[in-house]
>>> print(open('model21.txt').read())   # compact mmCIF, C-alpha atoms
# COMPACT_ATOMS: atom_id res chain seq x y z
CA MET A 1 0.00 0.00 0.00
CA LYS A 2 1.41 3.32 -1.05
CA LEU A 3 1.19 6.50 0.89
CA ASP A 4 -1.90 8.58 0.26
CA PRO A 5 -0.77 11.38 -2.07
CA ALA A 6 -2.72 13.87 0.01
CA ILE A 7 -0.70 12.91 3.07
CA ARG A 8 2.51 13.02 1.06
CA ASP A 9 1.64 16.51 -0.13
CA GLN A 10 0.99 17.63 3.43
CA VAL A 11 4.42 16.38 4.36
CA LEU A 12 6.03 18.15 1.43
CA ALA A 13 4.15 21.35 2.19
CA THR A 14 5.57 21.35 5.70
CA VAL A 15 9.20 20.91 4.63
CA PRO A 16 9.98 24.63 4.12
CA SER A 17 8.88 25.59 7.63
CA LEU A 18 10.47 22.46 9.08
CA ARG A 19 13.76 23.68 7.62
CA ALA A 20 13.27 27.15 9.04
CA PHE A 21 12.60 25.68 12.46
CA ALA A 22 15.52 23.28 12.15
CA ILE A 23 17.87 26.12 11.25
CA SER A 24 16.71 28.06 14.26
CA LEU A 25 17.53 25.05 16.43
CA CYS A 26 20.81 24.03 14.81
CA GLY A 27 22.10 27.37 13.64
CA ASN A 28 23.63 25.63 10.68
CA ILE A 29 21.91 24.92 7.40
CA ASP A 30 23.71 21.67 6.59
CA ARG A 31 22.97 20.18 9.95
CA ALA A 32 19.42 21.50 9.70
CA ASP A 33 18.92 19.71 6.40
CA ASP A 34 20.27 16.50 7.91
CA LEU A 35 17.85 16.92 10.76
CA VAL A 36 14.95 17.52 8.39
CA GLN A 37 15.94 14.51 6.33
CA GLU A 38 16.09 12.34 9.42
CA THR A 39 12.72 13.70 10.50
CA LEU A 40 11.16 12.82 7.15
CA LEU A 41 12.61 9.31 7.25
CA ARG A 42 11.29 8.80 10.75
CA ALA A 43 7.91 10.31 9.96
CA LEU A 44 7.30 8.32 6.80
CA ALA A 45 8.36 5.11 8.51
CA HIS A 46 5.76 5.78 11.19
CA ILE A 47 3.14 7.47 9.08
CA ASP A 48 0.53 5.08 10.50
CA SER A 49 0.74 6.88 13.80
CA PHE A 50 -0.33 10.10 12.13
CA GLU A 51 -4.06 10.58 12.38
CA PRO A 52 -5.36 12.02 9.11
CA GLY A 53 -7.16 15.27 9.71
CA THR A 54 -4.94 16.26 12.60
CA ASN A 55 -2.20 18.83 12.47
CA MET A 56 0.54 17.57 10.14
CA PRO A 57 2.95 20.45 10.79
CA ALA A 58 2.64 19.98 14.55
CA TRP A 59 3.25 16.25 14.17
CA LEU A 60 6.37 16.74 12.05
CA PHE A 61 7.70 19.55 14.24
CA THR A 62 7.33 17.29 17.27
CA ILE A 63 9.36 14.55 15.61
CA LEU A 64 12.02 17.00 14.51
CA ARG A 65 12.29 18.56 17.93
CA ASN A 66 12.57 15.19 19.65
CA LEU A 67 15.31 14.13 17.26
CA PHE A 68 17.12 17.36 17.86
CA ARG A 69 16.87 17.07 21.62
CA SER A 70 17.95 13.46 21.72
CA GLU A 71 20.86 13.60 19.29
CA TYR A 72 21.85 17.00 18.10
CA ARG A 73 21.86 18.74 21.39
CA LYS A 74 24.67 16.57 22.60
CA ARG A 75 26.93 18.44 20.25
CA ARG A 76 26.38 21.55 22.17
CA ARG A 77 29.73 23.13 21.63
CA GLU A 78 29.41 22.90 17.87
CA VAL A 79 25.90 24.28 17.99
CA GLU A 80 27.00 27.31 19.90
CA ASP A 81 29.76 27.87 17.45
CA ALA A 82 27.30 27.47 14.62
CA ASP A 83 25.02 30.10 16.11
CA GLY A 84 27.57 32.69 15.20
CA ARG A 85 27.46 31.70 11.57
CA TYR A 86 23.73 31.70 11.27
CA ALA A 87 23.50 34.70 8.97
CA GLU A 88 25.88 33.10 6.53
CA THR A 89 23.51 30.22 6.11
CA LEU A 90 20.92 32.48 4.57
CA LYS A 91 21.02 33.15 0.88
CA SER A 92 19.61 36.61 1.21
CA HIS A 93 18.65 38.92 3.97
CA PRO A 94 15.10 39.89 4.72
CA GLU A 95 14.13 42.92 2.73
CA GLN A 96 12.06 44.54 5.41
CA THR A 97 14.99 45.07 7.69
CA GLY A 98 18.37 46.58 7.13
CA ARG A 99 21.36 44.33 7.21
CA VAL A 100 22.78 45.80 10.38
CA GLU A 101 19.48 45.60 12.14
CA PHE A 102 19.11 42.02 10.98
CA GLU A 103 22.54 41.12 12.29
CA GLU A 104 21.73 42.68 15.63
CA PHE A 105 18.49 40.81 15.80
CA ARG A 106 20.13 37.52 14.94
CA ALA A 107 22.81 38.07 17.53
CA ALA A 108 20.23 38.90 20.18
CA LEU A 109 18.18 35.84 19.30
CA ALA A 110 21.27 33.66 19.64
CA LYS A 111 21.70 34.92 23.20
CA LEU A 112 18.38 33.51 24.35
CA PRO A 113 18.24 30.22 26.22
CA SER A 114 17.31 27.55 23.69
CA ASP A 115 13.95 26.71 25.24
CA GLN A 116 12.90 30.36 25.07
CA ARG A 117 14.13 30.78 21.51
CA GLU A 118 12.32 27.64 20.46
CA ALA A 119 9.03 28.74 22.05
CA LEU A 120 9.29 32.19 20.52
CA ILE A 121 9.91 30.80 17.05
CA LEU A 122 7.10 28.26 17.23
CA VAL A 123 4.59 30.89 18.30
CA GLY A 124 5.99 34.04 16.74
CA ALA A 125 7.34 32.76 13.43
CA SER A 126 5.88 29.32 12.69
CA GLY A 127 2.47 30.59 13.75
CA PHE A 128 1.54 27.72 16.05
CA SER A 129 -1.04 28.29 18.75
CA TYR A 130 0.20 28.18 22.33
CA ASP A 131 -1.54 24.82 22.63
CA ASP A 132 0.23 23.37 19.61
CA ALA A 133 3.57 24.77 20.72
CA ALA A 134 3.06 23.19 24.13
CA ALA A 135 2.26 19.85 22.53
CA ILE A 136 5.34 20.09 20.31
CA CYS A 137 7.57 20.88 23.26
CA GLY A 138 5.89 18.41 25.58
CA CYS A 139 5.18 20.98 28.25
CA ALA A 140 2.29 22.92 29.73
CA VAL A 141 0.69 25.80 27.85
CA GLY A 142 1.59 28.09 30.73
CA THR A 143 5.22 27.12 30.37
CA ILE A 144 5.19 28.06 26.68
CA LYS A 145 3.52 31.37 27.44
CA SER A 146 6.06 32.20 30.07
CA ARG A 147 8.98 31.20 27.82
CA VAL A 148 7.61 33.33 24.98
CA ASN A 149 7.14 36.27 27.31
CA ARG A 150 10.60 35.94 28.76
CA ALA A 151 12.06 35.62 25.25
CA ARG A 152 10.29 38.78 24.10
CA THR A 153 11.25 40.71 27.17
CA ARG A 154 14.87 39.68 26.88
CA LEU A 155 15.00 40.46 23.16
CA ALA A 156 13.38 43.83 23.73
CA ASP A 157 15.95 44.46 26.39
CA LEU A 158 18.81 43.51 24.11
CA LEU A 159 17.46 45.52 21.19
CA ALA A 160 15.82 48.48 22.91
CA ILE A 161 18.79 50.82 23.09
CA ASP A 162 19.81 50.28 19.51
CA SER A 163 16.30 50.73 18.26
CA VAL A 164 15.77 54.09 19.87
CA ASP A 165 17.28 55.98 16.96
CA ASP A 166 14.70 54.62 14.58
CA PHE A 167 11.77 55.75 16.60
CA GLY A 168 11.76 59.42 15.68
CA PRO A 169 10.80 62.43 17.77
CA ASP A 170 10.61 61.13 21.26
CA ARG A 171 14.00 59.51 21.18
CA ALA A 172 15.58 61.15 24.19
CA THR A 173 12.68 60.14 26.40
CA ARG A 174 12.71 56.69 24.96
CA ALA A 175 16.40 56.30 25.51
CA VAL A 176 15.82 57.00 29.16
CA LEU A 177 12.86 54.68 29.30
CA ALA A 178 14.78 51.94 27.54
CA GLY A 179 17.55 52.29 30.04
CA GLY A 180 15.07 52.29 32.91
CA GLY A 181 13.40 49.19 31.58
CA ARG A 182 16.48 47.06 31.91
CA ASN A 183 16.72 44.71 34.77
CA MET B 1 0.41 68.61 37.77
CA GLY B 2 1.27 70.00 34.38
CA SER B 3 3.78 67.28 33.74
CA ALA B 4 1.26 64.65 34.70
CA MET B 5 -1.05 65.97 31.99
CA GLY B 6 1.83 65.85 29.57
CA GLU B 7 2.39 62.20 30.32
CA ARG B 8 -1.25 61.53 29.74
CA GLY B 9 -1.25 63.17 26.35
CA LYS B 10 1.77 61.21 25.30
CA ASP B 11 0.03 58.04 26.33
CA ASP B 12 -2.87 58.74 24.04
CA VAL B 13 -0.57 59.37 21.12
CA MET B 14 1.15 56.06 21.79
CA LYS B 15 -2.11 54.22 21.95
CA HIS B 16 -3.05 55.43 18.50
CA ARG B 17 0.28 54.63 17.07
CA ASN B 18 0.14 51.15 18.45
CA THR B 19 -3.28 50.15 17.20
CA ASN B 20 -2.31 48.13 14.15
CA LEU B 21 0.73 46.48 15.55
CA ASP B 22 1.91 42.96 15.75
CA PRO B 23 -0.62 40.19 15.22
CA LEU B 24 1.48 38.33 17.75
CA GLU B 25 -0.27 40.30 20.44
CA PRO B 26 2.91 40.84 22.35
CA VAL B 27 2.10 40.49 25.96
CA ALA B 28 3.24 43.48 27.92
CA ASP B 29 6.27 42.61 29.89
CA LYS B 30 4.92 43.54 33.23
CA PRO B 31 6.37 42.02 36.32
CA GLU B 32 4.24 39.30 37.82
CA ASN B 33 4.18 40.90 41.20
CA GLU B 34 2.81 44.14 39.85
CA ASN B 35 0.09 45.58 41.98
CA PRO B 36 -2.32 47.67 39.92
CA MET B 37 -3.32 49.65 42.99
CA ALA B 38 0.24 50.77 43.46
CA ARG B 39 0.45 52.54 40.12
CA PRO B 40 0.15 56.31 40.04
CA ALA B 41 -3.18 57.36 38.57
CA ALA B 42 -1.53 59.65 36.04
CA THR B 43 0.36 56.83 34.31
CA PRO B 44 -2.12 54.14 33.36
CA HIS B 45 0.55 52.35 31.32
CA LYS B 46 3.99 51.61 32.54
CA PRO B 47 6.51 53.40 30.32
CA GLU B 48 8.47 50.17 29.89
CA ALA B 49 5.36 48.43 28.63
CA ARG B 50 4.70 51.19 26.08
CA LEU B 51 8.20 51.09 24.73
CA GLY B 52 7.95 47.33 24.90
CA ARG B 53 5.02 47.20 22.54
CA GLU B 54 6.85 48.99 19.79
CA VAL B 55 9.95 46.92 20.23
CA GLN B 56 7.78 43.80 20.34
CA ALA B 57 6.20 44.69 17.02
CA ARG B 58 9.66 45.04 15.57
CA ILE B 59 10.74 41.75 17.07
CA GLY B 60 7.76 39.95 15.58
CA GLN B 61 8.49 41.46 12.20
CA GLN B 62 12.13 40.48 12.22
CA LEU B 63 11.43 37.03 13.53
CA ARG B 64 9.02 36.35 10.69
CA ALA B 65 11.29 37.95 8.11
CA MET B 66 14.16 35.74 9.18
CA TYR B 67 12.01 32.63 9.25
CA ASN B 68 10.28 33.33 5.96
CA ASP B 69 13.61 33.89 4.32
CA VAL B 70 14.20 30.17 4.78
CA VAL B 71 10.61 29.16 4.10
CA ASN B 72 10.75 30.98 0.77
CA GLN B 73 13.64 28.78 -0.31
CA GLY B 74 11.01 26.08 -0.79
CA VAL B 75 11.72 22.36 -0.73
CA PRO B 76 15.28 21.40 -1.68
CA GLN B 77 15.37 18.85 -4.47
CA HIS B 78 16.97 16.10 -2.42
CA LEU B 79 14.29 16.33 0.27
CA SER B 80 11.49 16.35 -2.24
CA ASP B 81 13.03 13.31 -3.97
CA LEU B 82 13.34 11.58 -0.62
CA VAL B 83 9.68 12.10 0.28
CA ARG B 84 8.49 10.97 -3.15
CA ARG B 85 10.70 7.91 -3.11
CA LEU B 86 9.60 6.86 0.37
CA SER B 87 5.94 7.43 -0.33
CA ASP B 88 6.07 5.23 -3.41
CA GLN B 89 7.53 2.36 -1.44
CA ASP B 90 5.35 -0.34 0.03
CA GLU B 91 4.86 0.07 3.71
CA GLN B 92 6.27 -2.73 5.75
>>> encode(input="model21.txt", output="structure tokens")
Amino acid sequence: MKLDPAIRDQVLATVPSLRAFAISLCGNIDRADDLVQETLLRALAHIDSFEPGTNMPAWLFTILRNLFRSEYRKRRREVEDADGRYAETLKSHPEQTGRVEFEEFRAALAKLPSDQREALILVGASGFSYDDAAAICGCAVGTIKSRVNRARTRLADLLAIDSVDDFGPDRATRAVLAGGGRN
Amino acid sequence: MGSAMGERGKDDVMKHRNTNLDPLEPVADKPENENPMARPAATPHKPEARLGREVQARIGQQLRAMYNDVVNQGVPQHLSDLVRRLSDQDEQ
């Protein structure tokens, strides 16, 4: 019995965001593609445990995350090193943001604890609900919410001062506020 | 007194500017132990929270831009080949 083409297409449709998530975890595009490949192998070998009609992206993200946690995270030193080369893994830089701003953002993101970064990306970039993100990470919804909040607060803290210049008129006040907001 | 009014006015301006921000609904980064009764009446929003909202919108934007940069690369050939090959195989 061959795989239902509809299911196959759902898998294929999820690959681009799986890669984006994998890169955010690994910080390295080659390792991310290995991780995605391994995820796809694992998923297709166990496709029977996927319930048609349920959330395919969440299912695949869960598998990828588990693989990452169990195997890839052991190579922690390499991962940290790879974080610094994250920008180089991208073919182009987002158009909406300047290169410098993008670099600053990437650097700030790399400073977050991995569980916070992961939660923030699942909710803020992948577009998962808090419930789905909690299921993917195997933790309580409240835990995800608190990780996302801490991630945002920390990022804001890291980026606030540098962003003040872009905010126009009230910049002096904002500079003070940004400073005051640090903790 | 006068300065309190000034703060108020500024708040209103901020509110307008922040209406169509981030669909992420950034949650204001208020401390958990915050006691609403303890806040001065003239500053209904904490300044940090106001600044936070704008920075949060920016964060959401950059996060998605970075992520979509990869998403827009589509499915690499070798991964698409892999999925097609595996789905054409008989299941054990």
>>> residues_near_point(input="model21.txt", point="(6.7, 23.9, 5.3)", cutoff="12 Å", atoms="only C-alpha atoms", output="ChimeraX atom specification")
/A:9-22,36,56-58,60-61,126-127 /B:67-68,70-76,79-80
>>> residues_around(input="model21.txt", residues="Lys145 in chain A", least_positions_apart="4", cutoff="8 Å", atoms="all atoms listed in the file", output="list in words")
Tyr130, Val141 and Asn149 of chain A
>>> write_last_selection(input="model21.txt", atoms="C-alpha atoms", output="tab-separated table (two decimals), in the frame of the given file")
chain	number	residue	atom	x	y	z
A	130	TYR	CA	0.20	28.18	22.33
A	141	VAL	CA	0.69	25.80	27.85
A	149	ASN	CA	7.14	36.27	27.31
>>> residues_around(input="model21.txt", residues="Gln116 in chain A", least_positions_apart="5", cutoff="10 Å", atoms="only C-alpha atoms", output="list of chain:residue names")
A:Leu109, A:Ile121, A:Leu122, A:Thr143, A:Ile144, A:Lys145, A:Ser146, A:Arg147, A:Val148, A:Asn149, A:Arg150, A:Ala151, A:Arg152, A:Arg154
>>> atom_distance(input="model21.txt", atom1="CA of Ala57 in chain B", atom2="CA of Val123 in chain A")
14.0 Å
>>> residues_around(input="model21.txt", residues="Phe68 in chain A", least_positions_apart="5", cutoff="12 Å", atoms="all atoms listed in the file", output="list in words")
Phe21, Ala22, Ile23, Ser24, Leu25, Cys26, Gly27, Arg31, Ala32, Asp33, Asp34, Leu35, Val36, Gln37, Glu38, Thr39, Phe61, Thr62, Ile63, Arg73, Lys74, Arg75, Arg76, Val79, Ser114, Glu118 and Cys137 of chain A
>>> closest_residue(input="model21.txt", among="A:Ala125, A:Val100, A:Ala119, A:Leu158", to="chain B", atoms="all atoms listed in the file")
A:Ala125
>>> atom_distance(input="model21.txt", atom1="CA of Gly53 in chain A", atom2="CA of Ala133 in chain A")
18.1 Å
>>> atom_distance(input="model21.txt", atom1="CA of His46 in chain A", atom2="CA of Asp30 in chain A")
24.4 Å
